[in-house]
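Written out below as structure tokens is the structure these notes cover.
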Amino acid sequence: MKQPEAETLARAARIDRAAIMKTPDGWKIFLYGEHRAREDAVETARGGHRTWASIDTAYNWVRALPGPLIAVKVD
């Protein structure tokens, strides 16, 4: 899902948890909750999976989403 969609779902309390996972490309964020997205990974504007250089920046991105607090798990 792209960032605008993630923000809308978070604001509507449809995302309640996130998983931050280390991959060879960098850290990826997967969002879960009461939504029906085909792909739970956060995407770039062009459709690929977005990655973060550090766990701190990935965590801060999740915390910056609007709406209720989202539980974060690191895998």
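Scheme for the structure tokens: letters A, B, ... for chains in order shown; per-chain residue numbers from 1; ligand numbers from 1 in order shown.
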Item to check | Nearby residues (only C-alpha atoms) at most 10 Å from Ala53 of chain A, same-chain spacing under 5 positions excluded, as a ChimeraX atom specification | outcome: /A:22,25-28,58
Go ahead and save the residues from that selection, with N, CA and C atoms, as a PDB file, in the first residue's frame.
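Dumped to part.pdb:
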```pdb
ATOM      1  N   LYS A  22      13.910  -6.785   8.577  1.00  0.00           N
ATOM      2  CA  LYS A  22      15.200  -6.563   7.911  1.00  0.00           C
ATOM      3  C   LYS A  22      15.254  -7.424   6.660  1.00  0.00           C
ATOM      4  N   ASP A  25      17.697  -5.554   1.141  1.00  0.00           N
ATOM      5  CA  ASP A  25      17.597  -4.204   0.574  1.00  0.00           C
ATOM      6  C   ASP A  25      17.503  -3.112   1.626  1.00  0.00           C
ATOM      7  N   GLY A  26      17.149  -3.454   2.848  1.00  0.00           N
ATOM      8  CA  GLY A  26      16.926  -2.480   3.914  1.00  0.00           C
ATOM      9  C   GLY A  26      15.754  -2.916   4.767  1.00  0.00           C
ATOM     10  N   TRP A  27      15.267  -2.031   5.590  1.00  0.00           N
ATOM     11  CA  TRP A  27      14.129  -2.333   6.477  1.00  0.00           C
ATOM     12  C   TRP A  27      12.822  -2.091   5.744  1.00  0.00           C
ATOM     13  N   LYS A  28      11.901  -3.051   5.827  1.00  0.00           N
ATOM     14  CA  LYS A  28      10.568  -2.920   5.214  1.00  0.00           C
ATOM     15  C   LYS A  28       9.517  -2.907   6.310  1.00  0.00           C
ATOM     16  N   ALA A  58      12.471   3.703  10.092  1.00  0.00           N
ATOM     17  CA  ALA A  58      11.259   2.917   9.839  1.00  0.00           C
ATOM     18  C   ALA A  58      10.286   3.058  11.007  1.00  0.00           C
TER      19      ALA A  58
END
```
Checklist entry - Hey, what's within 10 Å of Arg14 of chain A if we count only C-alpha atoms and toss same-chain stuff fewer than 5 positions away? As a VMD selection string, please? => result chain A and resid 6 to 9 31 to 36 67 to 68
Any chance you can output those residues with all heavy atoms as a short mmCIF file (atom, residue, chain, number, x, y, z; two decimals), in the first residue's frame?
```cif
data_model
loop_
_atom_site.label_atom_id
_atom_site.label_comp_id
_atom_site.auth_asym_id
_atom_site.auth_seq_id
_atom_site.Cartn_x
_atom_site.Cartn_y
_atom_site.Cartn_z
N ALA A 6 -2.01 4.34 3.46
CA ALA A 6 -1.67 3.98 4.83
C ALA A 6 -2.12 5.07 5.80
O ALA A 6 -2.66 4.78 6.86
CB ALA A 6 -0.16 3.75 4.96
N GLU A 7 -1.92 6.33 5.44
CA GLU A 7 -2.34 7.43 6.31
C GLU A 7 -3.86 7.46 6.48
O GLU A 7 -4.36 7.66 7.58
CB GLU A 7 -1.83 8.76 5.75
CG GLU A 7 -0.33 8.90 5.85
CD GLU A 7 0.20 10.13 5.15
OE1 GLU A 7 -0.57 10.82 4.45
OE2 GLU A 7 1.41 10.40 5.31
N THR A 8 -4.59 7.26 5.39
CA THR A 8 -6.05 7.25 5.46
C THR A 8 -6.55 6.10 6.34
O THR A 8 -7.42 6.30 7.19
CB THR A 8 -6.66 7.13 4.04
OG1 THR A 8 -6.23 8.25 3.27
CG2 THR A 8 -8.17 7.06 4.08
N LEU A 9 -6.00 4.89 6.14
CA LEU A 9 -6.42 3.74 6.94
C LEU A 9 -6.04 3.91 8.41
O LEU A 9 -6.80 3.55 9.30
CB LEU A 9 -5.83 2.46 6.37
CG LEU A 9 -6.38 2.02 5.03
CD1 LEU A 9 -5.55 0.89 4.44
CD2 LEU A 9 -7.84 1.60 5.16
N LEU A 31 2.00 -3.46 7.21
CA LEU A 31 0.91 -2.95 8.02
C LEU A 31 -0.26 -3.93 8.02
O LEU A 31 -0.60 -4.50 6.98
CB LEU A 31 0.45 -1.59 7.47
CG LEU A 31 1.55 -0.52 7.42
CD1 LEU A 31 1.05 0.71 6.68
CD2 LEU A 31 2.00 -0.15 8.82
N TYR A 32 -0.87 -4.10 9.18
CA TYR A 32 -1.97 -5.06 9.34
C TYR A 32 -3.13 -4.43 10.10
O TYR A 32 -2.94 -3.52 10.88
CB TYR A 32 -1.48 -6.29 10.12
CG TYR A 32 -0.29 -6.95 9.49
CD1 TYR A 32 0.99 -6.67 9.94
CD2 TYR A 32 -0.45 -7.85 8.44
CE1 TYR A 32 2.10 -7.28 9.34
CE2 TYR A 32 0.64 -8.45 7.85
CZ TYR A 32 1.92 -8.17 8.30
OH TYR A 32 3.00 -8.75 7.72
N GLY A 33 -4.30 -4.96 9.87
CA GLY A 33 -5.49 -4.49 10.58
C GLY A 33 -6.74 -4.82 9.81
O GLY A 33 -6.78 -5.79 9.04
N GLU A 34 -7.74 -4.00 9.97
CA GLU A 34 -9.04 -4.22 9.33
C GLU A 34 -9.10 -3.55 7.96
O GLU A 34 -9.86 -2.64 7.73
CB GLU A 34 -10.14 -3.65 10.22
CG GLU A 34 -10.23 -4.31 11.57
CD GLU A 34 -11.29 -3.65 12.42
OE1 GLU A 34 -12.26 -3.10 11.87
OE2 GLU A 34 -11.14 -3.66 13.64
N HIS A 35 -8.28 -4.00 7.06
CA HIS A 35 -8.31 -3.48 5.69
C HIS A 35 -8.11 -4.65 4.74
O HIS A 35 -7.65 -5.70 5.11
CB HIS A 35 -7.25 -2.40 5.48
CG HIS A 35 -5.85 -2.88 5.65
ND1 HIS A 35 -5.26 -3.06 6.88
CD2 HIS A 35 -4.92 -3.26 4.74
CE1 HIS A 35 -4.03 -3.51 6.71
NE2 HIS A 35 -3.80 -3.65 5.44
N ARG A 36 -8.44 -4.43 3.52
CA ARG A 36 -8.35 -5.49 2.52
C ARG A 36 -7.37 -5.08 1.42
O ARG A 36 -7.74 -4.92 0.26
CB ARG A 36 -9.73 -5.76 1.90
CG ARG A 36 -10.74 -6.23 2.92
CD ARG A 36 -10.48 -7.69 3.27
NE ARG A 36 -11.49 -8.17 4.18
CZ ARG A 36 -11.24 -8.68 5.35
NH1 ARG A 36 -10.02 -8.76 5.80
NH2 ARG A 36 -12.21 -9.13 6.13
N GLY A 67 -3.77 9.02 13.76
CA GLY A 67 -4.73 8.11 14.36
C GLY A 67 -4.21 7.45 15.62
O GLY A 67 -3.21 7.87 16.19
N PRO A 68 -4.89 6.39 16.06
CA PRO A 68 -4.53 5.70 17.29
C PRO A 68 -3.14 5.06 17.18
O PRO A 68 -2.64 4.78 16.09
CB PRO A 68 -5.59 4.60 17.44
CG PRO A 68 -6.66 4.92 16.47
CD PRO A 68 -6.08 5.82 15.43
#
```
Next on the checklist: Give me, as a PyMOL selection string, the residues of chain A that a backbone DSSP run labels strand (DSSP E).
Outcome noted: chain A and resi 15-23+26-33+71-74
Selected residues, C-alpha atoms, written as a PDB file, in the first residue's frame, please.
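Saved as part_33.pdb:
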```pdb
ATOM      1  CA  ILE A  15      -4.421  -0.327  10.934  1.00  0.00           C
ATOM      2  CA  ASP A  16      -3.588  -1.587  14.405  1.00  0.00           C
ATOM      3  CA  ARG A  17      -0.168  -3.201  14.053  1.00  0.00           C
ATOM      4  CA  ALA A  18       3.014  -3.011  12.030  1.00  0.00           C
ATOM      5  CA  ALA A  19       5.959  -5.341  11.506  1.00  0.00           C
ATOM      6  CA  ILE A  20       9.385  -3.966  10.649  1.00  0.00           C
ATOM      7  CA  MET A  21      11.546  -6.568   8.934  1.00  0.00           C
ATOM      8  CA  LYS A  22      15.200  -6.563   7.911  1.00  0.00           C
ATOM      9  CA  THR A  23      15.751  -7.531   4.264  1.00  0.00           C
ATOM     10  CA  GLY A  26      16.926  -2.480   3.914  1.00  0.00           C
ATOM     11  CA  TRP A  27      14.129  -2.333   6.477  1.00  0.00           C
ATOM     12  CA  LYS A  28      10.568  -2.920   5.214  1.00  0.00           C
ATOM     13  CA  ILE A  29       7.305  -2.108   6.974  1.00  0.00           C
ATOM     14  CA  PHE A  30       4.234  -4.341   6.757  1.00  0.00           C
ATOM     15  CA  LEU A  31       0.907  -2.946   8.022  1.00  0.00           C
ATOM     16  CA  TYR A  32      -1.967  -5.057   9.345  1.00  0.00           C
ATOM     17  CA  GLY A  33      -5.489  -4.494  10.581  1.00  0.00           C
ATOM     18  CA  ALA A  71       1.663  -1.665  17.880  1.00  0.00           C
ATOM     19  CA  VAL A  72       5.087  -2.276  16.342  1.00  0.00           C
ATOM     20  CA  LYS A  73       6.925  -5.603  16.186  1.00  0.00           C
ATOM     21  CA  VAL A  74      10.467  -5.978  14.855  1.00  0.00           C
TER      22      VAL A  74
END
```
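Across chain A, DSSP run on the backbone finds alpha helix (DSSP H) at Gln3, Pro4, Glu5, Ala6, Glu7, Thr8, Leu9, Ala10, Arg11, Ile55, Asp56, Thr57, Ala58, Tyr59, Asn60, Trp61, Val62 and Arg63 of chain A.
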Checklist outcome for this item: Restricting to only C-alpha atoms, whichever of A:Pro24, A:Arg11, A:Thr44, A:Asp56 is closest to Leu69 of chain A is A:Arg11
